[in-house]
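Participant: Provided below: final_26.tsv, containing TSV, C-alpha atoms.
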```tsv
chain	number	residue	atom	x	y	z
A	94	MET	CA	-4.08	64.87	51.77
A	95	ASN	CA	-2.69	63.61	48.48
A	96	SER	CA	-4.26	60.54	46.93
A	97	ILE	CA	-2.34	57.27	47.03
A	98	PRO	CA	-0.31	56.76	43.85
A	99	ARG	CA	-1.65	54.08	41.55
A	100	ASP	CA	1.51	51.99	41.82
A	101	ILE	CA	1.07	51.47	45.59
A	102	SER	CA	-2.72	51.02	45.75
A	103	SER	CA	-4.16	47.52	45.98
A	104	PRO	CA	-7.89	46.77	45.97
A	105	GLY	CA	-8.60	43.94	48.39
A	106	ALA	CA	-10.04	41.48	45.87
A	107	VAL	CA	-7.18	41.79	43.36
A	108	ASP	CA	-4.20	39.43	43.52
A	109	PRO	CA	-1.34	41.71	44.59
A	110	LEU	CA	1.17	39.31	43.00
A	111	SER	CA	-0.04	40.22	39.51
A	112	GLN	CA	-0.13	44.01	39.74
A	113	LEU	CA	3.45	45.08	39.03
A	114	SER	CA	5.35	44.73	35.77
A	115	LEU	CA	8.98	43.71	35.49
A	116	GLU	CA	9.77	47.26	34.42
A	117	GLN	CA	8.20	48.63	37.62
A	118	LEU	CA	9.99	46.09	39.77
A	119	ARG	CA	13.38	46.93	38.30
A	120	ARG	CA	12.92	50.49	39.53
A	121	ARG	CA	13.09	49.21	43.10
A	122	THR	CA	16.29	49.81	45.06
A	123	SER	CA	16.00	47.02	47.66
A	124	MET	CA	18.30	44.04	48.01
A	125	LYS	CA	16.25	41.71	45.84
A	126	TRP	CA	16.41	43.95	42.80
A	127	ARG	CA	19.86	45.56	43.18
A	128	THR	CA	22.13	42.67	44.18
A	129	TYR	CA	22.42	41.19	40.68
A	130	PRO	CA	22.79	42.71	37.19
A	131	ASP	CA	19.65	43.47	35.21
A	132	ASP	CA	20.00	40.36	33.07
A	133	VAL	CA	19.44	38.19	36.18
A	134	LEU	CA	15.88	37.33	37.23
A	135	PRO	CA	15.83	37.55	41.06
A	136	LEU	CA	13.75	34.82	42.69
A	137	TRP	CA	15.75	34.59	45.88
A	138	VAL	CA	15.61	36.74	49.04
A	139	ALA	CA	12.30	36.93	50.94
A	140	GLU	CA	10.88	40.11	49.45
A	141	MET	CA	7.58	39.94	47.56
A	142	ASP	CA	6.89	41.64	44.26
A	143	VAL	CA	3.71	43.35	45.43
A	144	PRO	CA	2.42	46.88	45.94
A	145	LEU	CA	1.72	47.97	49.50
A	146	ALA	CA	-1.68	47.10	50.88
A	147	GLU	CA	-3.84	50.24	50.68
A	148	PRO	CA	-4.44	50.50	54.47
A	149	VAL	CA	-0.70	50.32	55.08
A	150	ALA	CA	0.12	52.93	52.45
A	151	ARG	CA	-2.62	55.19	53.82
A	152	ALA	CA	-1.31	54.91	57.38
A	153	ILE	CA	2.25	55.76	56.31
A	154	LEU	CA	1.18	58.72	54.18
A	155	ASP	CA	-1.03	60.06	56.97
A	156	ALA	CA	1.87	59.83	59.42
A	157	VAL	CA	4.23	61.59	57.01
A	158	ALA	CA	1.66	64.34	56.41
A	159	LEU	CA	1.59	64.92	60.18
A	160	GLY	CA	5.35	64.75	60.51
A	161	ASP	CA	4.73	61.83	62.86
A	162	THR	CA	8.25	60.42	62.56
A	163	GLY	CA	9.48	60.36	66.15
A	164	TYR	CA	10.17	57.57	68.61
A	165	PRO	CA	7.79	54.60	68.95
A	166	ALA	CA	5.43	54.46	71.92
A	167	GLY	CA	2.32	52.68	73.13
A	168	THR	CA	0.82	49.22	72.70
A	169	GLU	CA	-1.20	49.58	69.48
A	170	TYR	CA	0.97	47.07	67.63
A	171	ALA	CA	0.48	44.45	70.35
A	172	GLU	CA	-3.26	45.17	70.51
A	173	ALA	CA	-3.56	44.76	66.75
A	174	LEU	CA	-1.63	41.48	66.85
A	175	ALA	CA	-3.85	40.19	69.66
A	176	GLU	CA	-6.95	41.03	67.62
A	177	PHE	CA	-5.44	39.37	64.55
A	178	ALA	CA	-4.57	36.23	66.55
A	179	THR	CA	-8.14	35.93	67.76
A	180	LYS	CA	-9.62	36.37	64.29
A	181	ARG	CA	-7.16	34.29	62.25
A	182	TRP	CA	-5.91	31.64	64.69
A	183	ASP	CA	-8.76	31.48	67.21
A	184	TRP	CA	-6.25	32.29	69.94
A	185	ASP	CA	-7.18	34.80	72.61
A	186	GLY	CA	-4.16	34.12	74.81
A	187	LEU	CA	-1.90	36.86	73.48
A	188	ALA	CA	-1.70	39.20	76.45
A	189	VAL	CA	-0.62	42.72	75.53
A	190	GLU	CA	1.08	43.16	78.91
A	191	ARG	CA	3.38	40.24	78.06
A	192	THR	CA	4.77	41.78	74.88
A	193	ALA	CA	7.69	44.03	73.99
A	194	ILE	CA	8.54	45.81	70.76
A	195	VAL	CA	11.87	44.81	69.20
A	196	PRO	CA	13.65	46.01	66.06
A	197	ASP	CA	12.90	42.91	64.00
A	198	VAL	CA	12.46	39.18	64.52
A	199	MET	CA	16.13	38.16	64.35
A	200	LEU	CA	17.33	40.93	66.64
A	201	GLY	CA	14.42	40.04	68.91
A	202	ILE	CA	15.63	36.43	68.96
A	203	VAL	CA	19.08	37.65	70.00
A	204	GLU	CA	17.55	39.57	72.90
A	205	MET	CA	15.48	36.54	73.99
A	206	LEU	CA	18.60	34.35	73.95
A	207	LYS	CA	20.34	36.87	76.18
A	208	LEU	CA	17.42	36.77	78.61
A	209	VAL	CA	17.12	33.01	79.04
A	210	SER	CA	20.60	31.62	78.36
A	211	GLY	CA	24.22	32.32	79.14
A	212	PRO	CA	27.07	33.50	76.92
A	213	SER	CA	28.21	30.02	75.85
A	214	ASP	CA	24.97	28.04	76.14
A	215	PRO	CA	24.01	26.02	73.03
A	216	VAL	CA	21.07	26.67	70.73
A	217	VAL	CA	19.28	23.77	69.03
A	218	VAL	CA	17.86	24.24	65.51
A	219	ASN	CA	15.98	22.02	63.05
A	220	CYS	CA	18.07	22.01	59.89
A	221	PRO	CA	17.91	22.78	57.07
A	222	VAL	CA	16.80	26.13	58.42
A	223	TYR	CA	16.87	29.88	57.77
A	224	PRO	CA	20.59	30.83	57.48
A	225	PRO	CA	20.46	33.81	59.91
A	226	PHE	CA	19.71	31.30	62.67
A	227	TYR	CA	23.33	30.23	62.33
A	228	GLN	CA	24.74	33.68	61.66
A	229	PHE	CA	23.07	35.55	64.52
A	230	VAL	CA	23.43	32.76	67.08
A	231	GLN	CA	27.10	32.15	66.35
A	232	ASN	CA	27.84	35.88	66.27
A	233	LEU	CA	26.36	35.98	69.77
A	234	GLY	CA	28.92	33.38	70.81
A	235	ARG	CA	26.46	30.51	71.21
A	236	PRO	CA	27.24	27.11	69.65
A	237	VAL	CA	24.57	25.64	67.36
A	238	ILE	CA	23.44	22.04	67.76
A	239	GLU	CA	21.58	20.69	64.74
A	240	ALA	CA	18.54	18.43	64.98
A	241	PRO	CA	17.82	17.56	61.33
A	242	LEU	CA	14.22	17.32	60.18
A	243	GLY	CA	12.93	13.94	59.10
A	244	PRO	CA	12.72	12.92	55.43
A	245	ASP	CA	9.13	14.21	55.44
A	246	GLY	CA	10.28	17.68	56.48
A	247	ARG	CA	8.74	17.35	59.92
A	248	ILE	CA	10.31	17.34	63.39
A	249	ASP	CA	12.01	14.03	64.19
A	250	PHE	CA	11.46	13.75	67.94
A	251	GLU	CA	14.08	11.07	68.51
A	252	VAL	CA	16.66	13.30	66.86
A	253	LEU	CA	15.38	16.33	68.75
A	254	GLU	CA	15.55	14.55	72.10
A	255	ASP	CA	19.13	13.50	71.38
A	256	ALA	CA	20.01	17.11	70.50
A	257	PHE	CA	18.39	18.32	73.73
A	258	GLU	CA	20.36	15.80	75.76
A	259	ARG	CA	23.60	16.91	74.13
A	260	ALA	CA	22.71	20.53	74.74
A	261	VAL	CA	21.87	19.95	78.40
A	262	GLY	CA	25.06	17.93	78.90
A	263	GLY	CA	27.02	21.14	79.21
A	264	ARG	CA	24.97	22.02	82.32
A	265	GLY	CA	24.11	25.43	80.94
A	266	ARG	CA	20.76	26.91	79.92
A	267	PRO	CA	20.19	25.64	76.38
A	268	VAL	CA	17.55	27.04	74.04
A	269	TYR	CA	15.57	25.48	71.21
A	270	LEU	CA	15.09	27.98	68.40
A	271	LEU	CA	11.90	26.78	66.74
A	272	CYS	CA	11.05	27.94	63.21
A	273	SER	CA	7.25	27.88	62.90
A	274	PRO	CA	6.12	27.76	60.12
A	275	HIS	CA	9.41	26.32	59.00
A	276	ASN	CA	11.69	28.13	56.57
A	277	PRO	CA	12.66	26.81	54.00
A	278	THR	CA	10.38	23.75	53.93
A	279	GLY	CA	7.12	25.58	54.61
A	280	THR	CA	6.05	22.89	57.09
A	281	VAL	CA	3.26	23.91	59.47
A	282	HIS	CA	3.75	22.20	62.82
A	283	THR	CA	0.57	20.70	64.20
A	284	ALA	CA	-0.86	21.40	67.65
A	285	ALA	CA	0.10	17.86	68.70
A	286	GLU	CA	3.68	18.30	67.49
A	287	LEU	CA	4.03	21.63	69.28
A	288	ALA	CA	2.62	20.16	72.50
A	289	ASP	CA	5.17	17.36	72.22
A	290	VAL	CA	7.90	19.97	71.73
A	291	ALA	CA	6.77	21.80	74.87
A	292	GLN	CA	6.65	18.61	76.95
A	293	LEU	CA	10.07	17.42	75.75
A	294	ALA	CA	11.62	20.84	76.32
A	295	ARG	CA	10.30	21.01	79.89
A	296	THR	CA	11.40	17.47	80.63
A	297	CYS	CA	14.92	18.17	79.35
A	298	GLY	CA	15.21	21.66	80.82
A	299	VAL	CA	15.39	23.48	77.49
A	300	ARG	CA	13.75	26.86	76.86
A	301	VAL	CA	11.88	27.42	73.60
A	302	VAL	CA	12.07	30.60	71.52
A	303	ALA	CA	9.79	30.46	68.47
A	304	ASP	CA	10.30	32.44	65.26
A	305	GLU	CA	6.74	32.80	63.95
A	306	ILE	CA	7.28	35.51	61.36
A	307	HIS	CA	5.58	33.52	58.57
A	308	ALA	CA	2.51	32.73	60.69
A	309	PRO	CA	-0.06	34.65	58.59
A	310	ILE	CA	1.05	32.98	55.33
A	311	VAL	CA	-0.63	29.59	55.21
A	312	ALA	CA	-1.96	27.62	52.26
A	313	ARG	CA	-5.60	26.66	51.90
A	314	GLY	CA	-6.31	23.67	54.12
A	315	ALA	CA	-3.46	24.40	56.55
A	316	ALA	CA	-3.83	26.03	59.96
A	317	PHE	CA	-1.13	27.84	61.88
A	318	VAL	CA	-0.96	27.06	65.61
A	319	PRO	CA	0.84	29.61	67.84
A	320	TYR	CA	3.44	27.86	69.97
A	321	LEU	CA	2.34	29.69	73.11
A	322	SER	CA	-1.21	28.35	72.68
A	323	VAL	CA	-0.32	24.69	73.35
A	324	PRO	CA	-0.19	23.01	76.78
A	325	GLY	CA	3.25	23.14	78.37
A	326	ALA	CA	4.45	26.19	76.44
A	327	GLU	CA	3.80	28.61	79.29
A	328	ASN	CA	7.52	29.37	79.70
A	329	GLY	CA	8.06	29.90	75.97
A	330	LEU	CA	8.85	33.06	74.06
A	331	SER	CA	7.72	33.98	70.54
A	332	LEU	CA	8.74	36.55	67.97
A	333	MET	CA	6.02	37.76	65.61
A	334	SER	CA	5.77	40.41	62.92
A	335	ALA	CA	3.66	41.60	59.99
A	336	SER	CA	6.87	41.89	57.99
A	337	LYS	CA	6.67	38.84	55.76
A	338	ALA	CA	2.91	38.71	55.13
A	339	TRP	CA	2.65	42.36	54.05
A	340	ASN	CA	6.17	42.81	52.64
A	341	LEU	CA	7.34	45.31	55.25
A	342	ALA	CA	10.96	44.26	55.74
A	343	GLY	CA	12.13	47.83	55.15
A	344	LEU	CA	9.77	49.15	57.84
A	345	LYS	CA	11.41	47.61	60.89
A	346	ALA	CA	9.24	46.37	63.75
A	347	ALA	CA	8.44	43.12	65.56
A	348	LEU	CA	6.98	41.91	68.82
A	349	ALA	CA	8.35	39.58	71.46
A	350	VAL	CA	5.55	37.67	73.17
A	351	ALA	CA	5.96	35.77	76.45
A	352	GLY	CA	4.00	32.89	77.88
A	353	PRO	CA	2.69	33.40	81.43
A	354	ASP	CA	5.73	31.73	83.02
A	355	ALA	CA	8.15	33.77	80.91
A	356	ALA	CA	6.70	37.17	81.79
A	357	ASP	CA	9.45	37.90	84.31
A	358	ASP	CA	12.08	37.04	81.72
A	359	LEU	CA	10.62	39.42	79.17
A	360	ALA	CA	10.32	42.14	81.80
A	361	ARG	CA	14.13	42.14	82.05
A	362	ILE	CA	14.59	43.18	78.43
A	363	PRO	CA	16.71	46.36	78.33
A	364	GLU	CA	14.70	49.52	77.83
A	365	GLU	CA	16.92	50.62	74.94
A	366	VAL	CA	15.79	47.65	72.83
A	367	SER	CA	12.42	49.36	72.40
A	368	HIS	CA	14.21	52.25	70.66
A	369	GLY	CA	15.26	49.98	67.78
A	370	PRO	CA	11.94	49.59	65.93
A	371	SER	CA	10.92	52.25	63.46
A	372	HIS	CA	7.92	54.34	64.52
A	373	LEU	CA	6.72	54.30	60.90
A	374	GLY	CA	7.30	50.56	60.94
A	375	ILE	CA	5.03	50.10	63.94
A	376	ILE	CA	2.38	52.29	62.30
A	377	ALA	CA	2.60	50.20	59.11
A	378	HIS	CA	2.53	46.82	60.89
A	379	THR	CA	-0.41	47.90	63.05
A	380	ALA	CA	-2.41	48.99	59.99
A	381	ALA	CA	-1.61	45.71	58.23
A	382	LEU	CA	-2.81	43.56	61.12
A	383	ARG	CA	-5.95	45.62	61.72
A	384	ASP	CA	-7.06	46.57	58.24
A	385	GLY	CA	-5.08	44.41	55.81
A	386	HIS	CA	-7.17	41.22	55.99
A	387	ALA	CA	-8.73	41.53	52.52
A	388	TRP	CA	-5.32	42.20	50.96
A	389	LEU	CA	-3.85	39.22	52.81
A	390	ASP	CA	-6.64	36.92	51.65
A	391	ALA	CA	-6.03	37.96	48.05
A	392	LEU	CA	-2.30	37.31	48.51
A	393	LEU	CA	-2.92	33.86	49.99
A	394	ALA	CA	-5.14	32.92	47.05
A	395	GLY	CA	-2.46	34.08	44.64
A	396	LEU	CA	0.20	32.06	46.45
A	397	ASP	CA	-1.98	28.94	46.28
A	398	ASP	CA	-2.19	29.47	42.51
A	399	ASN	CA	1.58	30.02	42.29
A	400	ARG	CA	2.32	26.79	44.15
A	401	ARG	CA	0.19	24.85	41.70
A	402	LEU	CA	1.76	26.67	38.77
A	403	LEU	CA	5.28	25.87	39.94
A	404	ALA	CA	4.42	22.20	40.38
A	405	ASP	CA	3.03	22.05	36.84
A	406	LEU	CA	6.01	23.89	35.35
A	407	LEU	CA	8.53	21.64	37.06
A	408	THR	CA	6.66	18.53	35.92
A	409	GLU	CA	6.82	19.80	32.35
A	410	HIS	CA	10.31	21.32	32.19
A	411	LEU	CA	12.33	19.89	35.08
A	412	PRO	CA	10.75	16.56	36.03
A	413	ALA	CA	13.86	15.44	37.92
A	414	VAL	CA	13.40	18.26	40.45
A	415	ARG	CA	11.39	17.14	43.47
A	416	TYR	CA	8.95	19.68	44.86
A	417	GLU	CA	6.22	19.35	47.45
A	418	PRO	CA	4.01	22.47	47.60
A	419	ALA	CA	4.44	23.98	51.05
A	420	GLN	CA	1.77	24.46	53.69
A	421	ALA	CA	3.05	27.95	54.47
A	422	THR	CA	5.42	30.79	53.52
A	423	TYR	CA	5.87	32.05	49.95
A	424	LEU	CA	9.03	29.99	49.52
A	425	ALA	CA	9.57	26.77	47.55
A	426	TRP	CA	12.19	24.22	48.61
A	427	LEU	CA	13.40	22.37	45.52
A	428	ASP	CA	15.37	19.12	45.64
A	429	CYS	CA	17.74	19.32	42.67
A	430	ARG	CA	20.05	16.45	43.65
A	431	ALA	CA	18.95	14.27	40.73
A	432	LEU	CA	20.27	16.91	38.32
A	433	ASP	CA	23.87	16.15	39.35
A	434	LEU	CA	24.75	19.83	39.71
A	435	GLY	CA	26.73	19.33	42.91
A	436	ASP	CA	26.06	20.78	46.35
A	437	ASP	CA	25.19	24.24	45.01
A	438	PRO	CA	22.82	24.04	42.03
A	439	ALA	CA	21.87	27.68	42.63
A	440	ALA	CA	25.32	28.67	41.39
A	441	VAL	CA	24.73	26.75	38.16
A	442	PHE	CA	21.28	28.27	37.61
A	443	LEU	CA	22.75	31.73	38.15
A	444	ALA	CA	25.76	31.28	35.89
A	445	ARG	CA	24.05	29.45	33.04
A	446	GLY	CA	20.41	30.49	33.36
A	447	ARG	CA	20.71	34.01	34.83
A	448	VAL	CA	18.14	33.30	37.53
A	449	ALA	CA	19.02	33.97	41.18
A	450	LEU	CA	17.86	31.44	43.79
A	451	ASN	CA	18.97	30.82	47.37
A	452	SER	CA	21.60	28.13	47.77
A	453	GLY	CA	20.39	25.25	49.92
A	454	ALA	CA	23.89	24.70	51.27
A	455	ASN	CA	23.51	27.88	53.35
A	456	PHE	CA	20.61	26.33	55.28
A	457	GLY	CA	22.82	23.88	57.16
A	458	THR	CA	22.89	20.10	57.17
A	459	GLY	CA	20.43	18.67	54.66
A	460	GLY	CA	20.49	21.69	52.37
A	461	ALA	CA	23.17	20.64	49.90
A	462	GLY	CA	21.71	19.98	46.45
A	463	PHE	CA	18.61	22.10	47.15
A	464	VAL	CA	17.58	25.60	46.14
A	465	ARG	CA	14.98	27.94	47.60
A	466	LEU	CA	12.76	29.77	45.11
A	467	ASN	CA	10.66	32.81	46.02
A	468	LEU	CA	7.02	32.38	44.91
A	469	GLY	CA	6.05	35.88	46.01
A	470	THR	CA	5.99	37.18	42.47
A	471	SER	CA	3.86	37.08	39.34
A	472	PRO	CA	2.98	33.87	37.47
A	473	ASP	CA	4.82	35.28	34.45
A	474	LEU	CA	8.08	35.66	36.37
A	475	ILE	CA	7.76	32.19	37.90
A	476	THR	CA	7.25	30.79	34.41
A	477	GLU	CA	10.29	32.68	33.13
A	478	GLY	CA	12.33	31.52	36.11
A	479	VAL	CA	11.63	27.85	35.46
A	480	ARG	CA	12.33	28.36	31.76
A	481	ARG	CA	15.73	29.79	32.63
A	482	MET	CA	16.45	26.96	35.06
A	483	ALA	CA	15.67	24.41	32.36
A	484	ALA	CA	17.80	26.30	29.84
A	485	ALA	CA	20.72	26.13	32.25
A	486	LEU	CA	20.78	22.37	31.76
A	487	ASP	CA	21.02	22.49	27.97
```
Mind converting the file's structure to structure tokens?
Facilitator:
Amino acid sequence: MNSIPRDISSPGAVDPLSQLSLEQLRRRTSMKWRTYPDDVLPLWVAEMDVPLAEPVARAILDAVALGDTGYPAGTEYAEALAEFATKRWDWDGLAVERTAIVPDVMLGIVEMLKLVSGPSDPVVVNCPVYPPFYQFVQNLGRPVIEAPLGPDGRIDFEVLEDAFERAVGGRGRPVYLLCSPHNPTGTVHTAAELADVAQLARTCGVRVVADEIHAPIVARGAAFVPYLSVPGAENGLSLMSASKAWNLAGLKAALAVAGPDAADDLARIPEEVSHGPSHLGIIAHTAALRDGHAWLDALLAGLDDNRRLLADLLTEHLPAVRYEPAQATYLAWLDCRALDLGDDPAAVFLARGRVALNSGANFGTGGAGFVRLNLGTSPDLITEGVRRMAAALD
């Protein structure tokens, strides 16, 4: 067996965010690094600038050496996620028999919506929220009903109840698509908030589907709570994946997880859906969840440092930009409205500063005037990104 190349190895104690140079990163052919010209610094789409965790790289190389590149099978991914949930979230309620492999989280969400709602039933979202929530839901033919977050970035239950009532008014089978932790704000919903969600949803007759892809990525002092672990969530469905935490977006695989009262729903998922995930993806995700804890801990420490760094840089160079370091994800949600750059400051930063950020306007109501910045990179590139943003205002 060949040794793992130096540029994809990652000792557990070393911050993976500081291991790759800009020159190495520009050799990548993924969306983050090929969408814009080389004079643009990409701090946008949710890819991290990290090498693969060594256990993940080893598992992939071993599979390739065996020619193990066929169709996915078995429950190892679900077993690894259940073990991870017990160790990291103190939750032993993830039952392997109530899981199904799906191609990725968003396609899994589409399949869950098909299982528990009808062709024209509405879907409630907390905006501003991950743009594919709108794209995938509307492409499925479902209308989206927005329930804006409160000014503190948390769920506003009066607004949510009103949205539920409007959704139920059509006498269909509405769904609440919960983003937990929330993207782009990085809010971690508390156990009490999630229990209130479950109670309100049951009272109103709304099913809950939770996107929990960012669950492993929490800041020091924050604690992720799985939606299915709270009282009243027994008929809920969750989508989970190792994709974001270990930077495996190109190795497709995710898991749908059902609460006890949703097991019959999940059992109706079409058999062909299980053909969508990549076998190598499942191997990689399983290795990450089982053996990638040290790498993940080093990443989380590096992200804590990057959040502090960004706050300091903005205070020094862009004091009018409002930023509250997030409790989760590797994304920063920046309020640029005081800069008077219009609804899409990301366009200004790109044109004048040659730094690519996500436009807040794409995240729905409440996103205009904001940008989303990807912190999953080196301190040097974050520093350069803020410098370019400030230069765009000169």
Participant: Would you compute the distance between CA of Leu424 (chain A) and CA of Pro144 (chain A)? Give it in Å to one decimal.
Facilitator: 18.5 Å
Participant: Edge lengths and centre in Å to one decimal, as AutoDock Vina command-line options, of the axis-aligned box that encloses all listed atoms of region 169-172 of chain A with 5 Å added on every side?
Facilitator:
```
--center_x -1.1 --center_y 47.0 --center_z 69.1 --size_x 14.2 --size_y 15.1 --size_z 12.9
```
Participant: Considering all atoms listed in the file, can you say which of A:Gly167, A:Pro274, A:Pro224, A:Pro267 comes closest to Leu206 (chain A)?
Facilitator: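 Of A:Gly167, A:Pro274, A:Pro224, A:Pro267, the one nearest Leu206 (chain A) is A:Pro267, counting all atoms listed in the file.
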Participant: Would you mind reading off the distance between CA of Arg121 (chain A) and CA of Ile375 (chain A), one decimal, in Å?
Facilitator: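 Spanning CA of Arg121 (chain A) to CA of Ile375 (chain A) is a straight-line distance of 22.4 Å.
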Participant: Neighbours of Arg445 (chain A) within 8 Å (all atoms listed in the file; same-chain residues fewer than 6 positions away dropped), as a tab-separated table (two decimals) with C-alpha atoms, keeping the file's coordinate frame?
Facilitator:
```
chain	number	residue	atom	x	y	z
A	484	ALA	CA	17.80	26.30	29.84
A	485	ALA	CA	20.72	26.13	32.25
A	486	LEU	CA	20.78	22.37	31.76
```
Participant: When distances are computed from only C-alpha atoms, which of A:Leu434, A:Ala342, A:Met333, A:Leu145 shows the smallest separation from Asp108 (chain A)?
Facilitator: A:Leu145
Participant: May I ask for the distance between CA of Arg300 (chain A) and CA of Pro277 (chain A), given in Å to one decimal place?
Facilitator: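 Between these atoms lies a distance of 22.9 Å.
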Participant: Could I see region 442-464 of chain A restored to N, CA and C atoms, set down as a PDB file, in the frame of the given file?
Facilitator:
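Full text of result09.pdb as output:
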```pdb
ATOM      1  N   PHE A 442      22.434  27.565  38.174  1.00  0.00           N
ATOM      2  CA  PHE A 442      21.280  28.270  37.610  1.00  0.00           C
ATOM      3  C   PHE A 442      21.576  29.748  37.406  1.00  0.00           C
ATOM      4  N   LEU A 443      22.379  30.327  38.292  1.00  0.00           N
ATOM      5  CA  LEU A 443      22.750  31.730  38.150  1.00  0.00           C
ATOM      6  C   LEU A 443      23.712  31.922  36.976  1.00  0.00           C
ATOM      7  N   ALA A 444      24.741  31.107  36.919  1.00  0.00           N
ATOM      8  CA  ALA A 444      25.760  31.280  35.890  1.00  0.00           C
ATOM      9  C   ALA A 444      25.248  30.959  34.501  1.00  0.00           C
ATOM     10  N   ARG A 445      24.489  29.899  34.371  1.00  0.00           N
ATOM     11  CA  ARG A 445      24.050  29.450  33.040  1.00  0.00           C
ATOM     12  C   ARG A 445      22.656  29.931  32.664  1.00  0.00           C
ATOM     13  N   GLY A 446      21.790  30.129  33.650  1.00  0.00           N
ATOM     14  CA  GLY A 446      20.410  30.490  33.360  1.00  0.00           C
ATOM     15  C   GLY A 446      20.053  31.920  33.696  1.00  0.00           C
ATOM     16  N   ARG A 447      20.935  32.613  34.421  1.00  0.00           N
ATOM     17  CA  ARG A 447      20.710  34.010  34.830  1.00  0.00           C
ATOM     18  C   ARG A 447      19.433  34.155  35.640  1.00  0.00           C
ATOM     19  N   VAL A 448      19.239  33.208  36.559  1.00  0.00           N
ATOM     20  CA  VAL A 448      18.140  33.300  37.530  1.00  0.00           C
ATOM     21  C   VAL A 448      18.763  33.096  38.913  1.00  0.00           C
ATOM     22  N   ALA A 449      18.441  33.997  39.840  1.00  0.00           N
ATOM     23  CA  ALA A 449      19.020  33.970  41.180  1.00  0.00           C
ATOM     24  C   ALA A 449      18.065  33.257  42.136  1.00  0.00           C
ATOM     25  N   LEU A 450      18.582  32.205  42.781  1.00  0.00           N
ATOM     26  CA  LEU A 450      17.860  31.440  43.790  1.00  0.00           C
ATOM     27  C   LEU A 450      18.735  31.376  45.036  1.00  0.00           C
ATOM     28  N   ASN A 451      18.160  31.006  46.170  1.00  0.00           N
ATOM     29  CA  ASN A 451      18.970  30.820  47.370  1.00  0.00           C
ATOM     30  C   ASN A 451      19.606  29.435  47.359  1.00  0.00           C
ATOM     31  N   SER A 452      20.870  29.389  47.717  1.00  0.00           N
ATOM     32  CA  SER A 452      21.600  28.130  47.770  1.00  0.00           C
ATOM     33  C   SER A 452      21.197  27.333  49.002  1.00  0.00           C
ATOM     34  N   GLY A 453      20.786  26.090  48.802  1.00  0.00           N
ATOM     35  CA  GLY A 453      20.390  25.250  49.920  1.00  0.00           C
ATOM     36  C   GLY A 453      21.510  24.969  50.884  1.00  0.00           C
ATOM     37  N   ALA A 454      22.747  25.001  50.411  1.00  0.00           N
ATOM     38  CA  ALA A 454      23.890  24.700  51.270  1.00  0.00           C
ATOM     39  C   ALA A 454      23.993  25.675  52.441  1.00  0.00           C
ATOM     40  N   ASN A 455      23.443  26.883  52.282  1.00  0.00           N
ATOM     41  CA  ASN A 455      23.510  27.880  53.350  1.00  0.00           C
ATOM     42  C   ASN A 455      22.519  27.606  54.476  1.00  0.00           C
ATOM     43  N   PHE A 456      21.643  26.627  54.290  1.00  0.00           N
ATOM     44  CA  PHE A 456      20.610  26.330  55.280  1.00  0.00           C
ATOM     45  C   PHE A 456      21.037  25.234  56.251  1.00  0.00           C
ATOM     46  N   GLY A 457      22.312  24.857  56.219  1.00  0.00           N
ATOM     47  CA  GLY A 457      22.820  23.880  57.160  1.00  0.00           C
ATOM     48  C   GLY A 457      22.702  22.458  56.640  1.00  0.00           C
ATOM     49  N   THR A 458      22.925  21.510  57.530  1.00  0.00           N
ATOM     50  CA  THR A 458      22.890  20.100  57.170  1.00  0.00           C
ATOM     51  C   THR A 458      21.556  19.742  56.515  1.00  0.00           C
ATOM     52  N   GLY A 459      21.634  19.040  55.388  1.00  0.00           N
ATOM     53  CA  GLY A 459      20.430  18.670  54.660  1.00  0.00           C
ATOM     54  C   GLY A 459      20.077  19.613  53.535  1.00  0.00           C
ATOM     55  N   GLY A 460      20.818  20.718  53.401  1.00  0.00           N
ATOM     56  CA  GLY A 460      20.490  21.690  52.370  1.00  0.00           C
ATOM     57  C   GLY A 460      21.269  21.532  51.075  1.00  0.00           C
ATOM     58  N   ALA A 461      22.371  20.798  51.108  1.00  0.00           N
ATOM     59  CA  ALA A 461      23.170  20.640  49.900  1.00  0.00           C
ATOM     60  C   ALA A 461      22.354  19.980  48.793  1.00  0.00           C
ATOM     61  N   GLY A 462      22.456  20.521  47.584  1.00  0.00           N
ATOM     62  CA  GLY A 462      21.710  19.980  46.450  1.00  0.00           C
ATOM     63  C   GLY A 462      20.318  20.558  46.297  1.00  0.00           C
ATOM     64  N   PHE A 463      19.927  21.456  47.214  1.00  0.00           N
ATOM     65  CA  PHE A 463      18.610  22.100  47.150  1.00  0.00           C
ATOM     66  C   PHE A 463      18.763  23.567  46.769  1.00  0.00           C
ATOM     67  N   VAL A 464      17.667  24.155  46.302  1.00  0.00           N
ATOM     68  CA  VAL A 464      17.580  25.600  46.140  1.00  0.00           C
ATOM     69  C   VAL A 464      16.263  26.063  46.730  1.00  0.00           C
TER      70      VAL A 464
END
```
